[in-house]
Amino acid sequence: MTLRLGALVMLAALLGACASSTGTRESTWPNSPRSGDAGTTPAPSTPTAPATPEPPVPIEPVKPVAPDSPKTAEAISGQAVVSLMRKAADARSQGQLDLAASQLERAQRIEPRNYFVWSALAKVYLDQQQYDQAISVAGKSNSLARGNPYVEIENWKTIAKAMEARGDSIGALNAQGRVEEIERALGGG
């Protein structure tokens, strides 16, 4: 029992030595000022020279090209749409732009998500000098194509021509830049 009492007294003495006069414990962290060291400051650490950052390297975005992207409308279209698209192409080549547009609009009603139809219609609108309509329809085709580079490249060419015809040379340059980017991704640029 005396041994236990002696251990408790020693423990109390140790705890008392650690406590300050106010009853709180002093900071023992290195460089922390103590209550008696009010006028001194901790030694400054040696500054290290900041590393010189290397200039950023520009990274060109590379879009993966889906190897199974269809290249023609025949690959994804029903027979009726293929027939209407052929008729529209013939009418367009003969300068019958209204007939070509009506054939493609019929095809569009049959297959409203067929991005080849939208792309062909955008070209007809371009030929009709309906530049805003051509840009809008080519953009719709791009959104439906979901990364098909073969369709997107034709749409961006149409957009570039329409913007140039509208007098928007910066927009035309940006669209032509997209054409070149897709061509590079395809390995043809």
# chains A, B, ... in the order shown; residues from 1 in each chain; ligands from 1

call {"tool": "residues_around", "arguments": {"residues": "Leu104 of chain A", "least_positions_apart": "2", "cutoff": "7 Å", "atoms": "only C-alpha atoms", "output": "list in words"}}
result
Leu84, Met85, Ala88, Ala100, Ala101, Ser102, Arg106, Ala107, Gln108, Val117 and Leu121 of chain A

call {"tool": "write_last_selection", "arguments": {"atoms": "N, CA and C atoms", "output": "mmCIF file, in the first residue's frame"}}
result
data_model
loop_
_atom_site.group_PDB
_atom_site.id
_atom_site.type_symbol
_atom_site.label_atom_id
_atom_site.label_comp_id
_atom_site.auth_asym_id
_atom_site.auth_seq_id
_atom_site.Cartn_x
_atom_site.Cartn_y
_atom_site.Cartn_z
ATOM 1 N N LEU A 84 -35.260 8.052 -100.936
ATOM 2 C CA LEU A 84 -35.517 9.489 -100.887
ATOM 3 C C LEU A 84 -34.214 10.287 -100.937
ATOM 4 N N MET A 85 -33.189 9.797 -100.282
ATOM 5 C CA MET A 85 -31.901 10.495 -100.310
ATOM 6 C C MET A 85 -31.276 10.468 -101.698
ATOM 7 N N ALA A 88 -33.140 12.975 -103.758
ATOM 8 C CA ALA A 88 -32.727 14.322 -103.351
ATOM 9 C C ALA A 88 -31.363 14.673 -103.936
ATOM 10 N N ALA A 100 -35.178 18.765 -103.877
ATOM 11 C CA ALA A 100 -34.215 18.063 -103.022
ATOM 12 C C ALA A 100 -34.571 18.250 -101.553
ATOM 13 N N ALA A 101 -34.888 19.488 -101.168
ATOM 14 C CA ALA A 101 -35.252 19.761 -99.777
ATOM 15 C C ALA A 101 -36.512 18.998 -99.377
ATOM 16 N N SER A 102 -37.500 18.959 -100.261
ATOM 17 C CA SER A 102 -38.753 18.262 -99.907
ATOM 18 C C SER A 102 -38.528 16.755 -99.763
ATOM 19 N N ARG A 106 -39.060 14.676 -96.223
ATOM 20 C CA ARG A 106 -39.856 13.443 -96.115
ATOM 21 C C ARG A 106 -39.035 12.356 -95.428
ATOM 22 N N ALA A 107 -37.778 12.224 -95.842
ATOM 23 C CA ALA A 107 -36.893 11.220 -95.231
ATOM 24 C C ALA A 107 -36.709 11.508 -93.744
ATOM 25 N N GLN A 108 -36.644 12.775 -93.419
ATOM 26 C CA GLN A 108 -36.475 13.192 -92.023
ATOM 27 C C GLN A 108 -37.687 12.803 -91.178
ATOM 28 N N VAL A 117 -29.402 12.217 -93.043
ATOM 29 C CA VAL A 117 -30.474 13.005 -93.659
ATOM 30 C C VAL A 117 -30.329 14.465 -93.261
ATOM 31 N N LEU A 121 -29.613 17.635 -95.766
ATOM 32 C CA LEU A 121 -30.539 18.764 -95.782
ATOM 33 C C LEU A 121 -29.802 20.075 -95.512
#

call {"tool": "residues_around", "arguments": {"residues": "Ser141 of chain A", "least_positions_apart": "3", "cutoff": "8 Å", "atoms": "only C-alpha atoms", "output": "compact mmCIF listing (two decimals) with C-alpha atoms, in the first residue's frame"}}
result
# COMPACT_ATOMS: atom_id res chain seq x y z
CA ASN A 114 -30.88 9.88 -89.02
CA TYR A 115 -27.93 12.25 -88.97
CA PHE A 116 -27.09 11.57 -92.64
CA TRP A 118 -29.94 16.10 -91.49
CA SER A 119 -26.46 16.57 -92.98
CA VAL A 137 -29.43 21.78 -89.32
CA ALA A 138 -25.73 20.83 -89.57
CA LEU A 144 -27.31 13.21 -83.48
CA ALA A 145 -24.09 11.78 -84.98
CA VAL A 151 -20.66 12.96 -90.77
CA GLU A 152 -19.19 15.62 -88.49
CA ASN A 155 -21.28 19.18 -91.25

call {"tool": "closest_residue", "arguments": {"among": "A:Leu97, A:Ala120, A:Ala75, A:Ile110", "to": "Thr158 of chain A", "atoms": "only C-alpha atoms"}}
result
A:Ala120

call {"tool": "residues_around", "arguments": {"residues": "Ile76 of chain A", "least_positions_apart": "2", "cutoff": "12 Å", "atoms": "only C-alpha atoms", "output": "ChimeraX atom specification"}}
result
/A:68-74,78-82,111,113-117,145

call {"tool": "residues_around", "arguments": {"residues": "segment 126-135 of chain A", "least_positions_apart": "6", "cutoff": "8 Å", "atoms": "only C-alpha atoms", "output": "ChimeraX atom specification"}}
result
/A:97,158-159,161-163,165-166

call {"tool": "atom_distance", "arguments": {"atom1": "atom CA of Val179 of chain A", "atom2": "atom CA of Ser136 of chain A"}}
result
16.9 Å

call {"tool": "closest_residue", "arguments": {"among": "A:Glu183, A:Asp168, A:Ser77, A:Ala175", "to": "Gly139 of chain A", "atoms": "only C-alpha atoms"}}
result
A:Ala175

call {"tool": "atom_distance", "arguments": {"atom1": "atom CA of Pro149 of chain A", "atom2": "atom CA of Gly177 of chain A"}}
result
14.0 Å

call {"tool": "closest_residue", "arguments": {"among": "A:Ile153, A:Ala172, A:Gly95, A:Ala160", "to": "Leu186 of chain A", "atoms": "only C-alpha atoms"}}
result
A:Ile153

call {"tool": "closest_residue", "arguments": {"among": "A:Ser143, A:Tyr150, A:Arg86, A:Trp156", "to": "Ala185 of chain A", "atoms": "only C-alpha atoms"}}
result
A:Tyr150
